[in-house]
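All remarks here apply to the structure that follows.
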Amino acid sequence: MTARELISTVPILQPSDAGTKALRLMNEYHLTQLPMVVDNKYVALVEEDQIMDLEEPELLLESLQYNGASRTAIQEGAHLFEALKLFHEFKLCALPVVTKENEYLGIITKDNLLAALAQFNGAKEAGGILALEMDPRDYSLSEIARIAESNDVILLSVNTITDPSGKLEVLLKTNRQELHSLVATYERFNYTIKYIYSEEQEEDLVKKNYDLLMNYISM
């Protein structure tokens, strides 16, 4: 998924706009950053805090000073993960998308990014989540996938993260709610199960609490 596919259309700002206009648009679109564009070329990302720091909000945006972070943008063909990196690095709520010639195309909002990540990671699909813990040298995606397939389980997404101790957590999003047989197979192959989450567990918990309540009422 590329940056161009995530574009949202929001109003642009110009140097001749007053700070009050920028604040009104930010409030209307629930953003704290809006792009400044001149002759269809991206100039900078105007931030709410910059305007609030002006002596008079009615001053024109051309009076603002911009640094490298304020000129952050992403190429239209860049991957979703590059956008995620920039959002995190510069604490963005909006990320301008440009061509190689710096022509402004639109922005990626935080909401759009989260929706895309949910789709990319299979978060929208029904299915349980299983986390394995291991040493990085023991990680073998082919073996993990083969074990899942042997249990008729499809891995919708696989994500990894290294914790402070150096252990690797492998997060598996599956297409199945019932994961007992898969867990047993992984344990048979000496994998450590860090945690399991499934809607089935939530339903069981609700049913258990309901039964306890009914027993209490009947006393």
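A note on labels: chains of the structure tokens are A, B, ... as shown, every chain counts residues from 1, and ligands are counted from 1 in their shown order.
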For this session: Using only C-alpha atoms, determine which residues lie at most 9 Å from Val97 (chain A), disregarding the query and same-chain residues fewer than 2 positions distant; provide the list as a ChimeraX atom specification.
Result: /A:3-4,7,42,73-76,95,99,102-108
Could you write out the selected residues, including C-alpha atoms, as a PDB file, in the first residue's frame?
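Written file, out31.pdb:
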ATOM      1  CA  ALA A   3       1.257   6.806   0.304  1.00  0.00           C
ATOM      2  CA  ARG A   4      -0.804   7.946  -2.678  1.00  0.00           C
ATOM      3  CA  ILE A   7      -4.491  10.471   0.586  1.00  0.00           C
ATOM      4  CA  TYR A  42       4.453  21.974  -0.955  1.00  0.00           C
ATOM      5  CA  ALA A  73       6.635  15.073   3.498  1.00  0.00           C
ATOM      6  CA  ILE A  74       6.480  11.671   1.866  1.00  0.00           C
ATOM      7  CA  GLN A  75       6.860  10.627  -1.758  1.00  0.00           C
ATOM      8  CA  GLU A  76       3.688   9.359  -3.406  1.00  0.00           C
ATOM      9  CA  LEU A  95       1.636  13.959   6.549  1.00  0.00           C
ATOM     10  CA  THR A  99       5.619  13.959  -6.219  1.00  0.00           C
ATOM     11  CA  ASN A 102       7.509  18.391  -4.838  1.00  0.00           C
ATOM     12  CA  GLU A 103       4.029  18.901  -6.268  1.00  0.00           C
ATOM     13  CA  TYR A 104       1.437  18.664  -3.509  1.00  0.00           C
ATOM     14  CA  LEU A 105      -1.058  15.785  -3.860  1.00  0.00           C
ATOM     15  CA  GLY A 106      -2.831  15.688  -0.480  1.00  0.00           C
ATOM     16  CA  ILE A 107      -2.215  14.497   3.057  1.00  0.00           C
ATOM     17  CA  ILE A 108      -2.351  11.296   5.049  1.00  0.00           C
TER      18      ILE A 108
END
Problem set entry | strand (DSSP E or B) per DSSP on the backbone: members of region 11-205 of chain A, as number ranges by chain | A: 13, 18, 33-38, 41-47, 60, 74-75, 79, 94-98, 103-109, 129-134, 155-162, 168-174, 192-197
Exercise. Between CA of Asp138 (chain A) and CA of Ala184 (chain A), what is the distance, to one decimal in Å?
Worked result: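 A separation of 18.6 Å between them.
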Exercise. CA of Asp17 (chain A) to CA of Leu61 (chain A): how many Å, to one decimal?
Worked result: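 Computing the Euclidean distance for CA of Asp17 (chain A) and CA of Leu61 (chain A) yields 5.9 Å.
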Exercise. Near Leu84 (chain A), counting only C-alpha atoms, which residues have an atom at most 8 Å away, once you skip same-chain residues fewer than 4 positions from it, shown as a PyMOL selection string?
Worked result: chain A and resi 80+88+113
For this session: Could you check which of A:Pro57, A:Gly19, A:Pro136, A:Gly128 is closest to Ser157 (chain A), using only C-alpha atoms?
Result: A:Gly128
Exercise. If you run DSSP on the backbone, which residues of region 3-193 of chain A are helix (DSSP H, G or I), as an MDAnalysis selection string?
Worked result: chainID A and resid 3:6 19:29 48:52 61:63 69:71 80:90 110:120 136:138 141:150 180:188
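The coordinates place CA of Glu56 (chain A) at 19.3 Å from CA of Met36 (chain A).
Within 9 Å of Leu64 (chain A), once only C-alpha atoms are used and residues closer than 3 positions along the same chain are dropped, the contacting residues are Pro15, Val46, Gln50, Ile51, Leu54, Leu60 and Leu61 of chain A.
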Only N, CA, C and O atoms, please: the residues just picked out, written as a PDB file, in the first residue's frame.
ATOM      1  N   PRO A  15       0.696  31.472   2.293  1.00  0.00           N
ATOM      2  CA  PRO A  15       1.390  32.453   3.141  1.00  0.00           C
ATOM      3  C   PRO A  15       0.549  33.695   3.419  1.00  0.00           C
ATOM      4  O   PRO A  15       0.719  34.346   4.464  1.00  0.00           O
ATOM      5  N   VAL A  46       2.076  23.668   8.617  1.00  0.00           N
ATOM      6  CA  VAL A  46       1.781  24.691   9.622  1.00  0.00           C
ATOM      7  C   VAL A  46       1.162  24.033  10.843  1.00  0.00           C
ATOM      8  O   VAL A  46       0.202  23.272  10.732  1.00  0.00           O
ATOM      9  N   GLN A  50       2.490  26.790  16.502  1.00  0.00           N
ATOM     10  CA  GLN A  50       3.204  27.915  15.899  1.00  0.00           C
ATOM     11  C   GLN A  50       2.317  29.154  15.832  1.00  0.00           C
ATOM     12  O   GLN A  50       2.763  30.269  16.108  1.00  0.00           O
ATOM     13  N   ILE A  51       1.068  28.937  15.457  1.00  0.00           N
ATOM     14  CA  ILE A  51       0.136  30.057  15.337  1.00  0.00           C
ATOM     15  C   ILE A  51      -0.187  30.634  16.718  1.00  0.00           C
ATOM     16  O   ILE A  51      -0.253  31.852  16.902  1.00  0.00           O
ATOM     17  N   LEU A  54       2.208  33.158  17.974  1.00  0.00           N
ATOM     18  CA  LEU A  54       2.254  34.490  17.358  1.00  0.00           C
ATOM     19  C   LEU A  54       1.742  35.545  18.341  1.00  0.00           C
ATOM     20  O   LEU A  54       0.846  35.281  19.149  1.00  0.00           O
ATOM     21  N   LEU A  60      -0.189  37.205   9.310  1.00  0.00           N
ATOM     22  CA  LEU A  60      -0.164  36.295   8.171  1.00  0.00           C
ATOM     23  C   LEU A  60       0.818  35.151   8.413  1.00  0.00           C
ATOM     24  O   LEU A  60       1.824  35.311   9.123  1.00  0.00           O
ATOM     25  N   LEU A  61       0.524  34.017   7.809  1.00  0.00           N
ATOM     26  CA  LEU A  61       1.349  32.830   8.008  1.00  0.00           C
ATOM     27  C   LEU A  61       2.750  32.994   7.436  1.00  0.00           C
ATOM     28  O   LEU A  61       3.668  32.258   7.806  1.00  0.00           O
TER      29      LEU A  61
END
Which residues, written as a tab-separated table (two decimals) with all heavy atoms, in the first residue's frame, have at least one atom at most 7 Å from region 175-182 of chain A, with only C-alpha atoms counted and residues fewer than 4 positions away on the same chain left out?
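Contents of around-v5.tsv, freshly written:
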chain	number	residue	atom	x	y	z
A	126	ALA	N	-11.98	-11.54	11.49
A	126	ALA	CA	-12.24	-12.36	12.68
A	126	ALA	C	-11.13	-13.40	12.82
A	126	ALA	O	-10.66	-13.96	11.84
A	126	ALA	CB	-13.60	-13.05	12.55
A	127	GLY	N	-10.74	-13.65	14.05
A	127	GLY	CA	-9.70	-14.65	14.28
A	127	GLY	C	-8.93	-14.37	15.55
A	127	GLY	O	-8.85	-13.23	16.01
A	128	GLY	N	-8.33	-15.41	16.10
A	128	GLY	CA	-7.58	-15.29	17.34
A	128	GLY	C	-6.16	-14.82	17.11
A	128	GLY	O	-5.63	-14.84	15.99
A	148	ALA	N	1.28	-23.92	11.49
A	148	ALA	CA	-0.08	-23.38	11.40
A	148	ALA	C	-0.87	-24.10	10.32
A	148	ALA	O	-2.02	-24.51	10.54
A	148	ALA	CB	-0.03	-21.88	11.13
A	151	ASN	N	-2.35	-27.40	11.06
A	151	ASN	CA	-3.55	-27.34	11.90
A	151	ASN	C	-4.72	-26.66	11.18
A	151	ASN	O	-5.69	-26.25	11.82
A	151	ASN	CB	-3.24	-26.60	13.20
A	151	ASN	CG	-2.46	-27.44	14.19
A	151	ASN	OD1	-3.03	-28.12	15.04
A	151	ASN	ND2	-1.14	-27.41	14.07
A	153	VAL	N	-4.83	-23.75	9.92
A	153	VAL	CA	-4.92	-22.36	10.36
A	153	VAL	C	-4.17	-21.48	9.36
A	153	VAL	O	-3.03	-21.79	8.99
A	153	VAL	CB	-4.33	-22.17	11.77
A	153	VAL	CG1	-4.31	-20.69	12.15
A	153	VAL	CG2	-5.13	-22.96	12.80
A	154	ILE	N	-4.81	-20.41	8.93
A	154	ILE	CA	-4.17	-19.45	8.02
A	154	ILE	C	-3.65	-18.28	8.85
A	154	ILE	O	-4.37	-17.73	9.69
A	154	ILE	CB	-5.16	-18.95	6.96
A	154	ILE	CG1	-5.64	-20.10	6.08
A	154	ILE	CG2	-4.54	-17.85	6.11
A	154	ILE	CD1	-6.73	-19.71	5.11
A	155	LEU	N	-2.39	-17.91	8.62
A	155	LEU	CA	-1.82	-16.74	9.28
A	155	LEU	C	-2.15	-15.50	8.44
A	155	LEU	O	-1.63	-15.31	7.35
A	155	LEU	CB	-0.31	-16.89	9.43
A	155	LEU	CG	0.17	-18.09	10.26
A	155	LEU	CD1	1.69	-18.08	10.37
A	155	LEU	CD2	-0.47	-18.09	11.64
A	156	LEU	N	-3.03	-14.65	8.96
A	156	LEU	CA	-3.43	-13.44	8.24
A	156	LEU	C	-2.34	-12.38	8.28
A	156	LEU	O	-2.22	-11.58	7.36
A	156	LEU	CB	-4.73	-12.89	8.84
A	156	LEU	CG	-5.94	-13.83	8.78
A	156	LEU	CD1	-7.13	-13.19	9.47
A	156	LEU	CD2	-6.28	-14.17	7.34
A	186	TYR	N	2.47	-26.09	18.72
A	186	TYR	CA	3.64	-25.23	18.92
A	186	TYR	C	4.42	-25.65	20.16
A	186	TYR	O	5.66	-25.69	20.16
A	186	TYR	CB	3.23	-23.76	19.03
A	186	TYR	CG	3.01	-23.08	17.70
A	186	TYR	CD1	1.83	-22.38	17.43
A	186	TYR	CD2	3.97	-23.11	16.70
A	186	TYR	CE1	1.63	-21.76	16.22
A	186	TYR	CE2	3.78	-22.50	15.48
A	186	TYR	CZ	2.60	-21.83	15.24
A	186	TYR	OH	2.40	-21.20	14.03
A	198	SER	N	-8.53	-14.51	21.98
A	198	SER	CA	-9.55	-14.84	20.99
A	198	SER	C	-10.91	-14.37	21.48
A	198	SER	O	-11.13	-14.23	22.69
A	198	SER	CB	-9.59	-16.35	20.72
A	198	SER	OG	-10.11	-17.04	21.83
A	199	GLU	N	-11.82	-14.13	20.54
A	199	GLU	CA	-13.17	-13.72	20.91
A	199	GLU	C	-13.87	-14.82	21.69
A	199	GLU	O	-14.73	-14.57	22.51
A	199	GLU	CB	-13.97	-13.37	19.65
A	199	GLU	CG	-13.47	-12.10	18.97
A	199	GLU	CD	-14.25	-11.79	17.71
A	199	GLU	OE1	-15.26	-12.47	17.47
A	199	GLU	OE2	-13.84	-10.87	16.98
A	200	GLU	N	-13.45	-16.04	21.43
A	200	GLU	CA	-14.04	-17.18	22.14
A	200	GLU	C	-13.75	-17.07	23.63
A	200	GLU	O	-14.60	-17.32	24.47
A	200	GLU	CB	-13.46	-18.49	21.60
A	200	GLU	CG	-14.07	-19.74	22.23
A	200	GLU	CD	-13.46	-21.01	21.68
A	200	GLU	OE1	-12.26	-21.26	21.96
A	200	GLU	OE2	-14.16	-21.75	20.99
Exercise. What lies within 9 Å of Leu171 (chain A) using only C-alpha atoms, ignoring chain neighbours under 2 positions off, as a list in words?
Worked result: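 Returned residues: Ile129, Leu130, Ala131, Leu132, Glu133, Ser157, Val158, Asn159, Thr160, Ile161, Glu169 and Lys173 of chain A.
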Exercise. For Glu62 (chain A), which residue out of A:Pro96, A:Val38, A:Gly77, A:Ser16 is the nearest one, using only C-alpha atoms?
Worked result: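 Counting only C-alpha atoms, the residue closest to Glu62 (chain A) is A:Ser16.
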Exercise. For Leu92 (chain A), which residue among A:Val37, A:Ser70, A:Ile12, A:Asp152 is the nearest when counting only C-alpha atoms?
Worked result: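 Selected residue with least distance to Leu92 (chain A): A:Ser70.
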Exercise. Any idea what's packed within 8 Å of region 20-31 of chain A, counting only C-alpha atoms, ignoring anything in its chain fewer than 2 positions away? Could you give it as a PyMOL selection string?
Worked result: chain A and resi 10-11+13+17-18+33-34+48+51+57-58+93-94
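Checking A:Ala83, A:Leu114, A:Leu172, A:Val43 one by one against Lys194 (chain A), counting only C-alpha atoms, you find the shortest gap at A:Leu172.
When only C-alpha atoms are used to measure the gap to Glu101 (chain A), the shortest distance among A:Thr72, A:Thr9, A:Ser140, A:Asn40 belongs to A:Asn40.
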